[in-house]
file structure_6.pdb (PDB, C-alpha atoms, pLDDT in the B column)
ATOM      1  CA  MET L   1       0.000   0.000   0.000  1.00 73.00           C
ATOM      2  CA  PRO L   2       1.499   3.397  -0.933  1.00 87.00           C
ATOM      3  CA  PHE L   3       2.247   6.034   1.684  1.00 91.00           C
ATOM      4  CA  THR L   4      -0.417   8.685   2.251  1.00 93.00           C
ATOM      5  CA  GLU L   5      -0.543  11.600   4.645  1.00 95.00           C
ATOM      6  CA  LYS L   6      -3.110  11.597   7.449  1.00 96.00           C
ATOM      7  CA  HIS L   7      -5.522  14.183   8.817  1.00 96.00           C
ATOM      8  CA  LEU L   8      -4.193  16.576  11.458  1.00 97.00           C
ATOM      9  CA  THR L   9      -6.653  18.360  13.739  1.00 97.00           C
ATOM     10  CA  VAL L  10      -5.871  20.805  16.526  1.00 97.00           C
ATOM     11  CA  PRO L  11      -8.263  20.751  19.507  1.00 97.00           C
ATOM     12  CA  PRO L  12      -7.953  23.655  21.950  1.00 97.00           C
ATOM     13  CA  PRO L  13      -5.346  23.520  24.724  1.00 98.00           C
ATOM     14  CA  LEU L  14      -6.324  22.174  28.106  1.00 96.00           C
ATOM     15  CA  GLU L  15      -4.767  22.016  31.546  1.00 97.00           C
ATOM     16  CA  VAL L  16      -3.655  18.631  32.891  1.00 97.00           C
ATOM     17  CA  ALA L  17      -1.753  18.081  36.139  1.00 96.00           C
ATOM     18  CA  GLY L  18      -0.721  21.738  36.348  1.00 96.00           C
ATOM     19  CA  ARG L  19       0.621  21.880  32.768  1.00 98.00           C
ATOM     20  CA  TRP L  20      -0.883  23.565  29.712  1.00 98.00           C
ATOM     21  CA  ILE L  21      -1.318  21.017  26.948  1.00 98.00           C
ATOM     22  CA  LYS L  22      -1.398  21.930  23.257  1.00 98.00           C
ATOM     23  CA  ARG L  23      -3.043  19.118  21.319  1.00 98.00           C
ATOM     24  CA  TYR L  24      -2.592  17.591  17.883  1.00 98.00           C
ATOM     25  CA  HIS L  25      -4.680  14.647  16.704  1.00 98.00           C
ATOM     26  CA  VAL L  26      -3.588  12.451  13.785  1.00 98.00           C
ATOM     27  CA  THR L  27      -5.771   9.879  12.049  1.00 97.00           C
ATOM     28  CA  ALA L  28      -6.608   8.470   8.637  1.00 94.00           C
ATOM     29  CA  ASP L  29     -10.290   8.709   9.578  1.00 94.00           C
ATOM     30  CA  PRO L  30     -11.828  12.044   8.500  1.00 92.00           C
ATOM     31  CA  ALA L  31     -14.276  11.697  11.419  1.00 93.00           C
ATOM     32  CA  GLY L  32     -11.366  12.085  13.854  1.00 94.00           C
ATOM     33  CA  ILE L  33     -10.394  10.115  16.917  1.00 96.00           C
ATOM     34  CA  ALA L  34     -13.157   8.289  18.783  1.00 96.00           C
ATOM     35  CA  PRO L  35     -14.147  10.085  22.006  1.00 97.00           C
ATOM     36  CA  GLU L  36     -13.400   7.050  24.189  1.00 97.00           C
ATOM     37  CA  VAL L  37      -9.832   6.834  22.824  1.00 97.00           C
ATOM     38  CA  GLU L  38      -9.311  10.560  23.385  1.00 97.00           C
ATOM     39  CA  GLU L  39     -10.739  10.436  26.922  1.00 97.00           C
ATOM     40  CA  THR L  40      -8.618   7.484  28.052  1.00 98.00           C
ATOM     41  CA  ALA L  41      -5.485   8.948  26.451  1.00 98.00           C
ATOM     42  CA  TYR L  42      -5.868  12.223  28.346  1.00 98.00           C
ATOM     43  CA  ARG L  43      -6.593  10.350  31.595  1.00 98.00           C
ATOM     44  CA  PHE L  44      -3.277   8.507  31.079  1.00 98.00           C
ATOM     45  CA  LEU L  45      -1.371  11.683  30.153  1.00 98.00           C
ATOM     46  CA  PRO L  46      -0.328  12.753  33.704  1.00 98.00           C
ATOM     47  CA  THR L  47       1.878   9.650  33.962  1.00 98.00           C
ATOM     48  CA  LEU L  48       3.922  10.934  30.982  1.00 98.00           C
ATOM     49  CA  LEU L  49       4.562  14.440  32.324  1.00 98.00           C
ATOM     50  CA  PRO L  50       7.759  15.575  34.057  1.00 98.00           C
ATOM     51  CA  LYS L  51       7.945  17.180  37.478  1.00 96.00           C
ATOM     52  CA  PRO L  52       7.995  21.001  37.513  1.00 96.00           C
ATOM     53  CA  ASP L  53      11.470  22.520  37.181  1.00 97.00           C
ATOM     54  CA  GLY L  54      10.725  26.246  36.937  1.00 96.00           C
ATOM     55  CA  THR L  55      10.190  26.196  33.158  1.00 98.00           C
ATOM     56  CA  PRO L  56       6.737  27.499  32.192  1.00 97.00           C
ATOM     57  CA  PRO L  57       4.513  24.411  32.401  1.00 97.00           C
ATOM     58  CA  ALA L  58       3.829  23.719  28.732  1.00 98.00           C
ATOM     59  CA  THR L  59       3.491  20.459  26.830  1.00 98.00           C
ATOM     60  CA  PHE L  60       2.314  19.532  23.376  1.00 98.00           C
ATOM     61  CA  VAL L  61       0.885  16.120  22.601  1.00 98.00           C
ATOM     62  CA  VAL L  62       0.269  14.118  19.485  1.00 98.00           C
ATOM     63  CA  LEU L  63      -2.570  11.615  19.816  1.00 98.00           C
ATOM     64  CA  HIS L  64      -2.430   9.268  16.833  1.00 98.00           C
ATOM     65  CA  ARG L  65      -5.004   6.660  15.922  1.00 95.00           C
ATOM     66  CA  GLY L  66      -3.317   4.073  13.723  1.00 89.00           C
ATOM     67  CA  GLY L  67      -4.937   2.286  10.805  1.00 82.00           C
ATOM     68  CA  ASP L  68      -5.258  -0.893  12.876  1.00 84.00           C
ATOM     69  CA  ASP L  69      -6.112  -1.226  16.574  1.00 87.00           C
ATOM     70  CA  GLY L  70      -3.234   1.007  17.684  1.00 94.00           C
ATOM     71  CA  ALA L  71      -3.456   4.361  19.407  1.00 97.00           C
ATOM     72  CA  TYR L  72      -0.404   6.383  20.422  1.00 98.00           C
ATOM     73  CA  LEU L  73       0.065   9.295  22.784  1.00 98.00           C
ATOM     74  CA  ASN L  74       3.302  11.282  22.544  1.00 98.00           C
ATOM     75  CA  ALA L  75       3.864  13.992  25.144  1.00 98.00           C
ATOM     76  CA  TYR L  76       6.596  16.563  24.536  1.00 98.00           C
ATOM     77  CA  SER L  77       7.092  18.785  27.592  1.00 98.00           C
ATOM     78  CA  TRP L  78       9.309  21.857  27.827  1.00 98.00           C
ATOM     79  CA  VAL L  79      11.882  21.538  30.621  1.00 98.00           C
ATOM     80  CA  TRP L  80      15.187  23.187  31.502  1.00 97.00           C
ATOM     81  CA  ASP L  81      13.920  26.287  29.628  1.00 96.00           C
ATOM     82  CA  ASN L  82      14.655  24.960  26.112  1.00 97.00           C
ATOM     83  CA  VAL L  83      14.667  21.142  26.161  1.00 98.00           C
ATOM     84  CA  LEU L  84      11.928  18.673  25.224  1.00 97.00           C
ATOM     85  CA  HIS L  85      11.142  15.880  27.666  1.00 97.00           C
ATOM     86  CA  PHE L  86       9.428  12.931  25.958  1.00 97.00           C
ATOM     87  CA  GLY L  87       6.894  10.503  27.354  1.00 97.00           C
ATOM     88  CA  GLY L  88       5.067   8.006  25.165  1.00 97.00           C
ATOM     89  CA  ALA L  89       2.178   5.602  25.524  1.00 97.00           C
ATOM     90  CA  ALA L  90       0.494   3.084  23.270  1.00 97.00           C
ATOM     91  CA  ALA L  91      -2.736   1.115  23.266  1.00 97.00           C
ATOM     92  CA  GLY L  92      -3.984  -1.770  21.148  1.00 96.00           C
ATOM     93  CA  GLN L  93      -0.491  -2.857  19.992  1.00 94.00           C
ATOM     94  CA  PRO L  94       0.584  -6.122  21.663  1.00 93.00           C
ATOM     95  CA  VAL L  95       3.884  -5.995  19.753  1.00 92.00           C
ATOM     96  CA  LEU L  96       4.721  -2.869  21.829  1.00 92.00           C
ATOM     97  CA  GLY L  97       3.839  -4.555  25.116  1.00 92.00           C
ATOM     98  CA  CYS L  98       0.169  -3.603  25.204  1.00 93.00           C
ATOM     99  CA  PRO L  99      -1.849  -6.298  26.998  1.00 93.00           C
ATOM    100  CA  ASP L 100      -4.549  -6.482  24.311  1.00 94.00           C
ATOM    101  CA  ASN L 101      -5.930  -4.912  21.117  1.00 94.00           C
ATOM    102  CA  ASP L 102      -8.060  -2.363  22.997  1.00 95.00           C
ATOM    103  CA  PRO L 103      -7.252   1.167  21.692  1.00 95.00           C
ATOM    104  CA  THR L 104      -8.328   2.626  25.047  1.00 96.00           C
ATOM    105  CA  HIS L 105      -5.979   0.530  27.212  1.00 96.00           C
ATOM    106  CA  PHE L 106      -2.855   2.741  27.303  1.00 97.00           C
ATOM    107  CA  VAL L 107       0.499   1.614  28.684  1.00 96.00           C
ATOM    108  CA  ALA L 108       3.949   3.199  28.601  1.00 96.00           C
ATOM    109  CA  PRO L 109       6.070   0.790  26.545  1.00 93.00           C
ATOM    110  CA  GLY L 110       9.330   2.496  27.554  1.00 89.00           C
ATOM    111  CA  ARG L 111      10.818   2.483  24.070  1.00 90.00           C
ATOM    112  CA  PRO L 112      13.146   5.339  23.069  1.00 89.00           C
ATOM    113  CA  TRP L 113      11.018   6.166  20.012  1.00 92.00           C
ATOM    114  CA  ILE L 114       9.838   9.788  19.723  1.00 93.00           C
ATOM    115  CA  GLY L 115       7.286   9.449  16.928  1.00 94.00           C
ATOM    116  CA  CYS L 116       6.520   8.092  13.497  1.00 94.00           C
ATOM    117  CA  VAL L 117       6.404  10.054  10.231  1.00 94.00           C
ATOM    118  CA  TRP L 118       2.782  11.131  10.853  1.00 95.00           C
ATOM    119  CA  GLU L 119       3.501  12.246  14.433  1.00 96.00           C
ATOM    120  CA  LEU L 120       6.599  14.365  13.787  1.00 95.00           C
ATOM    121  CA  PRO L 121       5.263  17.444  11.888  1.00 94.00           C
ATOM    122  CA  PRO L 122       4.224  19.378  15.025  1.00 95.00           C
ATOM    123  CA  ILE L 123       7.750  19.221  16.488  1.00 95.00           C
ATOM    124  CA  LEU L 124       9.300  21.783  14.111  1.00 93.00           C
ATOM    125  CA  HIS L 125       6.366  24.157  14.540  1.00 96.00           C
ATOM    126  CA  GLU L 126       6.469  23.843  18.333  1.00 98.00           C
ATOM    127  CA  ARG L 127      10.210  24.451  18.419  1.00 97.00           C
ATOM    128  CA  ASP L 128       9.801  27.671  16.438  1.00 97.00           C
ATOM    129  CA  ALA L 129       6.759  28.754  18.488  1.00 98.00           C
ATOM    130  CA  TRP L 130       8.694  28.209  21.756  1.00 98.00           C
ATOM    131  CA  VAL L 131      11.564  30.359  20.495  1.00 98.00           C
ATOM    132  CA  ARG L 132       9.191  33.004  19.096  1.00 98.00           C
ATOM    133  CA  HIS L 133       7.074  33.405  22.242  1.00 98.00           C
ATOM    134  CA  MET L 134       9.143  32.146  25.175  1.00 98.00           C
ATOM    135  CA  LEU L 135      12.870  32.549  24.447  1.00 98.00           C
ATOM    136  CA  ALA L 136      13.272  35.494  22.050  1.00 98.00           C
ATOM    137  CA  PRO L 137      11.082  38.154  23.740  1.00 97.00           C
ATOM    138  CA  ALA L 138      12.302  40.108  26.751  1.00 97.00           C
ATOM    139  CA  THR L 139       9.211  38.821  28.578  1.00 97.00           C
ATOM    140  CA  PRO L 140       8.032  35.279  27.771  1.00 97.00           C
ATOM    141  CA  ASP L 141       4.378  35.065  26.679  1.00 98.00           C
ATOM    142  CA  LEU L 142       2.898  31.664  27.542  1.00 98.00           C
ATOM    143  CA  ASP L 143      -0.565  32.681  26.314  1.00 98.00           C
ATOM    144  CA  ALA L 144       0.848  33.575  22.885  1.00 98.00           C
ATOM    145  CA  TYR L 145       2.700  30.256  22.773  1.00 98.00           C
ATOM    146  CA  LEU L 146      -0.476  28.340  23.626  1.00 98.00           C
ATOM    147  CA  ALA L 147      -2.379  30.158  20.870  1.00 98.00           C
ATOM    148  CA  ASP L 148       0.282  29.395  18.222  1.00 98.00           C
ATOM    149  CA  SER L 149      -0.396  25.928  16.769  1.00 97.00           C
ATOM    150  CA  LEU L 150       0.350  24.203  13.510  1.00 96.00           C
ATOM    151  CA  PRO L 151      -2.697  24.734  11.269  1.00 95.00           C
ATOM    152  CA  GLU L 152      -5.085  21.846  10.717  1.00 95.00           C
ATOM    153  CA  GLY L 153      -4.794  19.974   7.455  1.00 94.00           C
ATOM    154  CA  THR L 154      -2.645  16.979   6.659  1.00 94.00           C
ATOM    155  CA  THR L 155       0.471  15.706   8.360  1.00 94.00           C
ATOM    156  CA  GLY L 156       2.610  16.652   5.373  1.00 90.00           C
ATOM    157  CA  ASP L 157       2.575  18.361   2.003  1.00 79.00           C
ATOM    158  CA  ARG L 158       2.792  21.755   3.700  1.00 68.00           C
ATOM    159  CA  SER L 159       5.369  23.485   1.484  1.00 60.00           C
TER
END

call {"tool": "encode", "arguments": {"input": "structure_6.pdb", "output": "structure tokens"}}
result
Amino acid sequence: MPFTEKHLTVPPPLEVAGRWIKRYHVTADPAGIAPEVEETAYRFLPTLLPKPDGTPPATFVVLHRGGDDGAYLNAYSWVWDNVLHFGGAAAGQPVLGCPDNDPTHFVAPGRPWIGCVWELPPILHERDAWVRHMLAPATPDLDAYLADSLPEGTTGDRS
């Protein structure tokens, strides 16, 4: 089967465990990610977040619903002022250590993987947004950072 880009949607930020979370959802399904997958992923999210270290508490996540039973939650949290901390979870993928094929049963597989080709596009945007709103100005602007997201569309073909 040839490679195709997936749909990228951008739900509004939310607060989880004292951190502001920017959200990106990736799926081949134009209807989006099923509510029960989204709900269980965000309930699992606090286990992927780092402890506060004085950096403004901001994270961006990519919730990806695979073409099979898999669902993936990648959490990229800003720490040490300019470093990304990664935490990842998967559901419905026994090959990754998931206990079953249930896309709402998230576990942290502990692999050093940071994302697949459909999950990586937000990283460049978020790096530039962090510099633009948090590092370059004399006064960091967390609200401006939270409002600056990659536009919805596809995961690629953005040139």

call {"tool": "closest_residue", "arguments": {"input": "structure_6.pdb", "among": "L:Val37, L:Pro11, L:Pro2, L:Asn82", "to": "Leu135 (chain L)", "atoms": "all atoms listed in the file"}}
result
L:Asn82

call {"tool": "resolve_selection", "arguments": {"input": "structure_6.pdb", "expression": "the PyMOL selection byres ((chain L and resi 67) around 9)", "output": "PyMOL selection string"}}
result
chain L and resi 27-29+65-66+68-71

call {"tool": "resolve_selection", "arguments": {"input": "structure_6.pdb", "expression": "the PyMOL selection byres ((chain L and resi 78) around 12)", "output": "short mmCIF file (atom, residue, chain, number, x, y, z; two decimals) with C-alpha atoms, in the frame of the given file"}}
result
data_model
loop_
_atom_site.label_atom_id
_atom_site.label_comp_id
_atom_site.auth_asym_id
_atom_site.auth_seq_id
_atom_site.Cartn_x
_atom_site.Cartn_y
_atom_site.Cartn_z
CA ARG L 19 0.62 21.88 32.77
CA TRP L 20 -0.88 23.56 29.71
CA ILE L 21 -1.32 21.02 26.95
CA LYS L 22 -1.40 21.93 23.26
CA LEU L 49 4.56 14.44 32.32
CA PRO L 50 7.76 15.58 34.06
CA LYS L 51 7.94 17.18 37.48
CA PRO L 52 8.00 21.00 37.51
CA ASP L 53 11.47 22.52 37.18
CA GLY L 54 10.72 26.25 36.94
CA THR L 55 10.19 26.20 33.16
CA PRO L 56 6.74 27.50 32.19
CA PRO L 57 4.51 24.41 32.40
CA ALA L 58 3.83 23.72 28.73
CA THR L 59 3.49 20.46 26.83
CA PHE L 60 2.31 19.53 23.38
CA VAL L 61 0.88 16.12 22.60
CA ALA L 75 3.86 13.99 25.14
CA TYR L 76 6.60 16.56 24.54
CA SER L 77 7.09 18.78 27.59
CA VAL L 79 11.88 21.54 30.62
CA TRP L 80 15.19 23.19 31.50
CA ASP L 81 13.92 26.29 29.63
CA ASN L 82 14.66 24.96 26.11
CA VAL L 83 14.67 21.14 26.16
CA LEU L 84 11.93 18.67 25.22
CA HIS L 85 11.14 15.88 27.67
CA PHE L 86 9.43 12.93 25.96
CA GLY L 87 6.89 10.50 27.35
CA ILE L 123 7.75 19.22 16.49
CA GLU L 126 6.47 23.84 18.33
CA ARG L 127 10.21 24.45 18.42
CA ALA L 129 6.76 28.75 18.49
CA TRP L 130 8.69 28.21 21.76
CA VAL L 131 11.56 30.36 20.50
CA MET L 134 9.14 32.15 25.18
CA LEU L 135 12.87 32.55 24.45
CA LEU L 142 2.90 31.66 27.54
CA TYR L 145 2.70 30.26 22.77
#

call {"tool": "resolve_selection", "arguments": {"input": "structure_6.pdb", "expression": "the PyMOL selection byres ((chain L and resi 12) around 12)", "output": "VMD selection string"}}
result
chain L and resid 9 to 11 13 to 15 20 to 25 60 to 61 146 to 152

call {"tool": "atom_distance", "arguments": {"input": "structure_6.pdb", "atom1": "CA of Leu73 (chain L)", "atom2": "CA of Ala89 (chain L)"}}
result
5.1 Å

call {"tool": "atom_distance", "arguments": {"input": "structure_6.pdb", "atom1": "CA of Pro112 (chain L)", "atom2": "CA of Val95 (chain L)"}}
result
15.0 Å

call {"tool": "residues_near_point", "arguments": {"input": "structure_6.pdb", "point": "(-4.2, -2.1, 23.8)", "cutoff": "10 Å", "atoms": "all atoms listed in the file", "output": "list in words"}}
result
Asp69, Gly70, Ala71, Tyr72, Ala90, Ala91, Gly92, Gln93, Pro94, Val95, Leu96, Gly97, Cys98, Pro99, Asp100, Asn101, Asp102, Pro103, Thr104, His105, Phe106 and Val107 of chain L

call {"tool": "closest_residue", "arguments": {"input": "structure_6.pdb", "among": "L:Lys6, L:Asp141, L:Gly110, L:Leu48", "to": "Ala31 (chain L)", "atoms": "only C-alpha atoms"}}
result
L:Lys6

call {"tool": "closest_residue", "arguments": {"input": "structure_6.pdb", "among": "L:Asp143, L:Pro30, L:Thr155, L:Arg43", "to": "Pro121 (chain L)", "atoms": "all atoms listed in the file"}}
result
L:Thr155

call {"tool": "atom_distance", "arguments": {"input": "structure_6.pdb", "atom1": "CA of Val26 (chain L)", "atom2": "CA of Glu5 (chain L)"}}
result
9.7 Å
